[in-house]
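To keep things clear, I will list the structure first and then write my remarks on it.
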Amino acid sequence: MKALCLLLVLTISSTLCVDKNNFKTCDQSGFCKRLRPFKPEKSQYSLNLDTVIVHGNVLSAEVVTVDIEGEKKNVLWHYALKLTALVDSTFRVELDEADPLYPRYRPELALGEEPTADGLKLVSNSNGKLILVNEQGNKVIITSEPLKIEFLDLNGEKAVILNDNSQLVVEPLRVRREKSGDDDEGDVEEEGTWSENFKSHHDSKPRGNEAISLDIAFPDADHVYGIPEHTDNFHLKTTTSGEPYRLYNLDVFEYDLDSRMAIYGAIPVLYSHGVKRSAGVFWHNSAETWVDVVNYADATVVSSLVNLVTGGHQRRVDARFMSEAGVIDVFVFLGDKPADVFRQYSGLTGAAPLPPRFSLAYHQSRWNYVDEADVRAVDDGFDANDIPADALWLDIEYTDRKKYFTWDMEKFPHPADMVANLTAKGRKLIVIIDPHIKREAGYFVHEDATEQGLYVKDKDGKDYEGWCWPGSSSYLDFFNPEVTKYYAERFQFNNFPGTSKDVHIWNDMNEPSVFNGPEITMPKDCRHYKAPQDGQDGLASFWEHRHVHNENGLRHISGTHQGMLDRSDGQYRPFILTRAVFAGTQRYAAVWTGDNAAEWGFLQASVPMCISLAVSGVSFCGSDVGGFFKYPEAEMMTRWYQAGAYQAFFRAHSHIETKRREPWLYDAATTARLRDAVRRRYALLDFWYTLFYEHSIDGLPVMRPLFQEFPREEETFTIDNTYLLGDKLLVRPVLEEGVTSVKVYLPGKDSHTVWYDVDSYQSYPANGYMNVDVNIAKVPVFQRGGTIVPRKERVRRSSALMAHDPYTLVVALDGQGKAEGSLYIDDGETYEYKSNKFIYAKITYEPSAMKYSFVNEEASYPTRSWVERIVIAGIKNPPKSAKLSQGGKQIPLQMTLHRGNDVLVIRKPTASMASPWEILFTY
Ligand SMILES: *[C@@H]1O[C@H](CO)[C@@H](O)[C@H](O)[C@H]1NC(C)=O
């Protein structure tokens, strides 16, 4: 939805530009300024070899920092190192103070489950080096002095190196010395250690400096990717001459394009890729984080460094993470293919569960549909214009003056009736619930929260008060399990009258956004709940917001998720949309890219932004179609609908002060094209649903970069305007104004891949770049030869009404005349699929037969769907006859040849999808 105050919207001119002064540069963020220039010749950290213990899958040892004065070594500080071997070529490295003054924060909700252990063996301990090996055969070499950890791939080559540039830092927690007046030696502590200022905001830093940093090298890498959310390219750039990439969930009003500034999301996972291998790291930390990147291929930037470190080898990328607090806790993924590292990460943080099917269809939103009559008119507008839609959305104005869990009873006097009218057409309602709570006497949430102590506290321990949509607001402290429980209960149908299982939830502003806070968010010295432990009082009895900031939104949506499950006794799958993002968000919610604008640059940015989120676990991503701020003219609106139809989350949304823009408010030709784009989506809805089912099993991105499927094809490494849906469709949306042709890269030359234009079935060999003519109706989408894609061609008002419609199967043949695909079918909304009420079918085509068989034979679902058409593209030697074999019956089928006789169409095979079948061909 929106950012900052309306006042700004009115006063800022029509060109979009972020007010950068509201947000810190590295130099304005104390720890970043302090750590970034730190590049010692030699690391102070060394491992004490006498303390090494390997037990089970864990190596533990003491690490010390030493200060060398001549012959004398003074130990400065003691640390505990832990190296853990995990399944799937993953290692975890943790470094904490051996005996910290207070516990240091570790995120609690990012990891899906406790990671599974792998075997770990100490192979040798000599010459100051430890060599270990995991079960799969990945070696780890730990050099003791200075400390360096090298992870080797299965070929014995270095894939990931920690502390190669000696930038490991863990600032120890210290007791604050009282300043005595006559302290002549002066306080040697740097200014800023115990407090910092930014603009008019004062950050009391009661624990003092507690930052951490680590450099991570990726030998042989051409590029690194990940660490969303930024508006930069998908491949990350060398940061030497500018700001580092910043990870800090922020509500940035009119955010910049091509920027490394932090915006709403922060997922600290980073992948490397080169022709040799992929690798990756997950920096498990929820504090403000900055990431520097040095790509050795940018020779002008780093030539001296290149020669120094690599002796002239150009292929290597170094990343360096700096966080304000926490412990070093880094997971290392050894790939070695892109799909492996993406899976290794989603295996740790959890793959998104199967979403309700409607949520993959088209959503219509606006800030705001003003009243019940407006909702009814928009709902009817879709029917009158023959455009399918699955959900209407209500932004903050539906509430009684921004009090969540209430309705504005003047404008929405009959919410239950309104919902029933939508559900009669198979549609849903989605309403917004933000985490800030209006401080108003008599508002039950505020009264409960005040009485029960459910709010985040300020630095002095009083309920924190900030400014947000409702005016004076406080913020529920989702780190407290009592708050989550209380909040979850608010979603009970009797606690939120008018809602039903068909009302789903939008969680916005959960960075959290605080209009009058530093950087439009919560002050870092606010206090969050910490589980009480014996003997921990004072500073040890709470977490500061600085420790947990990036995890805040995740806590919020997990409470919503719990509430939505509980309200239906765990029967129905919730749909939640969130703006703040952290590692693990995908287990609860879909994500949109926040408050974009109707500008071509934002349409272009939506693709790399969503691919970056997809490889970071969040496949369910989309941008506000049409742009949130400003008004999209017909061409941009058309291109945005066409692009949105091929992104996972497909929702049109707009700012309250923009001109209305429901699809039928454009000229008739444009409305027809918007209708066509939405229909394209509905035709492929079961394909999307199948992809998300498969994603829930294998954790692989639904929207994926080309190099995931073609990891040795170097041209693909930097392509981020084109992507694949699963391994089957290649999408190159038109993202540019006024173009009549676009360049499309067709990958797979080495594997003789063939691609088929989905509109014409014309086949093209994978010869790299190709020009494709694009009139205003054209969206370049290609089906990969060797695949089968299910479609539903009958247009209805919503996906629910299409549940039992027949399928068209599009078979795109590879060079051997073969193809395969899959299809998932269930009731679309419950958890019955967990008790085997579903169909997951494999569909194969060979010249002799086409087969539809169940992967899981215990499972079944009573679908009435059948096959009404099979289109086989790329056929070289058409069969003479075909017959269907199902349930012991054989039925002869009719076939016709089309185009240049290379497209065979089987009409009305009438095969039922409820049981396996086979079509036999004779020649
Ligand atoms: C529901 O639909 C009926 C029939 O069109 C209409 O009369 C009624 O006003 C609608 N209710 C709401 C709350 O929109």
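By order of appearance in the structure tokens: chains A, B, ..., then residues from 1 within every chain, and ligands from 1 in the order shown.
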Give the residue list for ligand 1 at 8 Å, counting only C-alpha atoms and all ligand atoms, as a list in words, sorted by chain and then by residue number.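 The neighbouring residues of ligand 1 are, in order, Glu372, Ala373, Val375, Arg376, Phe412, Pro413, His414, Pro415, Ala416, Asp417, Met418, Val419, Ala420 and Asn421 of chain A.
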Can I get the selected residues back with C-alpha atoms, as an mmCIF file, in the first residue's frame?
data_model
loop_
_atom_site.group_PDB
_atom_site.id
_atom_site.type_symbol
_atom_site.label_atom_id
_atom_site.label_comp_id
_atom_site.auth_asym_id
_atom_site.auth_seq_id
_atom_site.Cartn_x
_atom_site.Cartn_y
_atom_site.Cartn_z
ATOM 1 C CA GLU A 372 -20.422 -1.471 -0.242
ATOM 2 C CA ALA A 373 -21.975 0.016 -3.373
ATOM 3 C CA VAL A 375 -17.464 -2.977 -4.070
ATOM 4 C CA ARG A 376 -20.661 -4.220 -5.700
ATOM 5 C CA PHE A 412 -19.762 -0.957 5.259
ATOM 6 C CA PRO A 413 -22.898 -1.659 7.292
ATOM 7 C CA HIS A 414 -23.337 -5.240 5.943
ATOM 8 C CA PRO A 415 -19.890 -6.809 5.656
ATOM 9 C CA ALA A 416 -21.191 -10.389 5.926
ATOM 10 C CA ASP A 417 -23.695 -9.729 3.157
ATOM 11 C CA MET A 418 -21.037 -8.118 1.022
ATOM 12 C CA VAL A 419 -18.768 -11.129 1.466
ATOM 13 C CA ALA A 420 -21.631 -13.505 0.697
ATOM 14 C CA ASN A 421 -22.335 -11.648 -2.552
#
Got a sec: who's within 12 Å of Ser741 in chain A, counting only C-alpha atoms, leaving out chain neighbours fewer than 3 positions off, as a list in words?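 Contacts, in chain order: Arg732, Pro733, Val734, Leu735, Glu736, Glu737, Gly738, Val744, Met770, Asn771, Val772, Asp773, Val774, Asn775, Ile776, Lys778, Val779 and Pro780 of chain A.
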Expected file contents, prior selection, C-alpha atoms, as a compact mmCIF listing (two decimals), in the first residue's frame:
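Written output follows (selection-v6.txt):
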# COMPACT_ATOMS: atom_id res chain seq x y z
CA ARG A 732 10.09 -12.11 -21.78
CA PRO A 733 7.42 -9.53 -20.96
CA VAL A 734 7.45 -6.30 -22.96
CA LEU A 735 8.71 -3.76 -20.45
CA GLU A 736 9.58 -0.90 -22.78
CA GLU A 737 7.51 1.92 -24.17
CA GLY A 738 6.65 2.11 -27.87
CA VAL A 744 14.57 -12.53 -26.61
CA MET A 770 16.39 -13.43 -31.50
CA ASN A 771 14.20 -10.48 -32.46
CA VAL A 772 10.51 -10.96 -31.78
CA ASP A 773 7.91 -8.61 -33.23
CA VAL A 774 5.61 -7.30 -30.55
CA ASN A 775 2.48 -5.45 -31.47
CA ILE A 776 0.49 -4.23 -28.48
CA LYS A 778 1.89 -9.70 -28.12
CA VAL A 779 3.59 -11.14 -25.03
CA PRO A 780 6.66 -13.19 -25.93
Please provide the set of residues having any atom within 10 Å of Gln708 in chain A, restricted to only C-alpha atoms, with same-chain residues fewer than 2 positions apart removed, written as a tab-separated table (two decimals) with N, CA and C atoms, in the first residue's frame.
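And here's selection_33.tsv as it stands now:
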chain	number	residue	atom	x	y	z
A	273	HIS	N	27.68	-17.64	-8.55
A	273	HIS	CA	27.56	-18.55	-9.69
A	273	HIS	C	28.64	-18.27	-10.72
A	278	SER	N	28.02	-23.26	-8.40
A	278	SER	CA	27.29	-22.27	-7.60
A	278	SER	C	27.58	-22.59	-6.15
A	337	LYS	N	25.13	-26.86	-8.21
A	337	LYS	CA	24.39	-26.22	-9.30
A	337	LYS	C	23.48	-25.14	-8.68
A	338	PRO	N	23.01	-24.19	-9.52
A	338	PRO	CA	22.11	-23.17	-8.96
A	338	PRO	C	20.89	-23.79	-8.25
A	339	ALA	N	20.30	-24.80	-8.88
A	339	ALA	CA	19.12	-25.40	-8.25
A	339	ALA	C	19.48	-25.99	-6.89
A	340	ASP	N	20.71	-26.51	-6.76
A	340	ASP	CA	21.13	-27.08	-5.47
A	340	ASP	C	21.19	-26.00	-4.39
A	341	VAL	N	21.81	-24.87	-4.70
A	341	VAL	CA	21.94	-23.84	-3.65
A	341	VAL	C	20.58	-23.22	-3.29
A	342	PHE	N	19.72	-23.08	-4.31
A	342	PHE	CA	18.39	-22.52	-4.00
A	342	PHE	C	17.63	-23.49	-3.08
A	615	VAL	N	14.53	-16.67	-5.73
A	615	VAL	CA	15.68	-17.53	-5.39
A	615	VAL	C	15.97	-17.45	-3.89
A	700	LEU	N	12.13	-25.32	-5.02
A	700	LEU	CA	12.80	-24.59	-6.11
A	700	LEU	C	11.96	-23.41	-6.57
A	701	PRO	N	12.62	-22.33	-6.99
A	701	PRO	CA	11.88	-21.15	-7.42
A	701	PRO	C	10.85	-21.47	-8.50
A	704	ARG	N	11.99	-18.56	-12.19
A	704	ARG	CA	13.41	-18.84	-11.99
A	704	ARG	C	14.31	-18.20	-13.06
A	705	PRO	N	15.53	-17.86	-12.66
A	705	PRO	CA	16.45	-17.26	-13.63
A	705	PRO	C	16.86	-18.29	-14.68
A	706	LEU	N	17.19	-17.83	-15.88
A	706	LEU	CA	17.55	-18.76	-16.97
A	706	LEU	C	18.73	-19.64	-16.57
A	710	PHE	N	20.13	-23.50	-17.22
A	710	PHE	CA	21.23	-23.55	-18.19
A	710	PHE	C	22.50	-22.98	-17.54
A	711	PRO	N	23.02	-23.70	-16.51
A	711	PRO	CA	24.03	-23.09	-15.64
A	711	PRO	C	25.39	-22.86	-16.30
A	712	ARG	N	25.61	-23.42	-17.48
A	712	ARG	CA	26.91	-23.20	-18.12
A	712	ARG	C	26.84	-22.17	-19.24
A	713	GLU	N	25.68	-21.61	-19.46
A	713	GLU	CA	25.52	-20.68	-20.58
A	713	GLU	C	25.73	-19.26	-20.07
A	716	THR	N	23.47	-16.11	-19.99
A	716	THR	CA	22.27	-16.05	-19.15
A	716	THR	C	22.55	-15.45	-17.77
A	717	PHE	N	23.82	-15.35	-17.39
A	717	PHE	CA	24.14	-14.99	-16.00
A	717	PHE	C	23.65	-13.58	-15.63
A	723	TYR	N	12.69	-14.80	-17.75
A	723	TYR	CA	12.77	-15.83	-16.71
A	723	TYR	C	11.96	-17.03	-17.14
A	724	LEU	N	12.07	-18.09	-16.35
A	724	LEU	CA	11.33	-19.31	-16.65
A	724	LEU	C	10.26	-19.53	-15.58
A	727	ASP	N	10.37	-25.32	-15.25
A	727	ASP	CA	11.39	-25.51	-16.29
A	727	ASP	C	10.71	-25.52	-17.66
Residues near Cys610 in chain A, anyone? I mean within 9 Å using only C-alpha atoms, not counting same-chain ones fewer than 5 positions away, as a list in words.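 Once the adjacent positions are removed, what remains is Trp592, Thr593, Ala605, Val615, Val618, Ser619, Phe620, Cys621, Gly622, Ser623, Gln647, Ala648 and Met703 of chain A.
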Step one, run DSSP on the backbone; step two, keep only residues of range 257-368 of chain A assigned to helix (DSSP H, G or I); then write them as number ranges by chain. A: 299-310, 338-349, 357-360
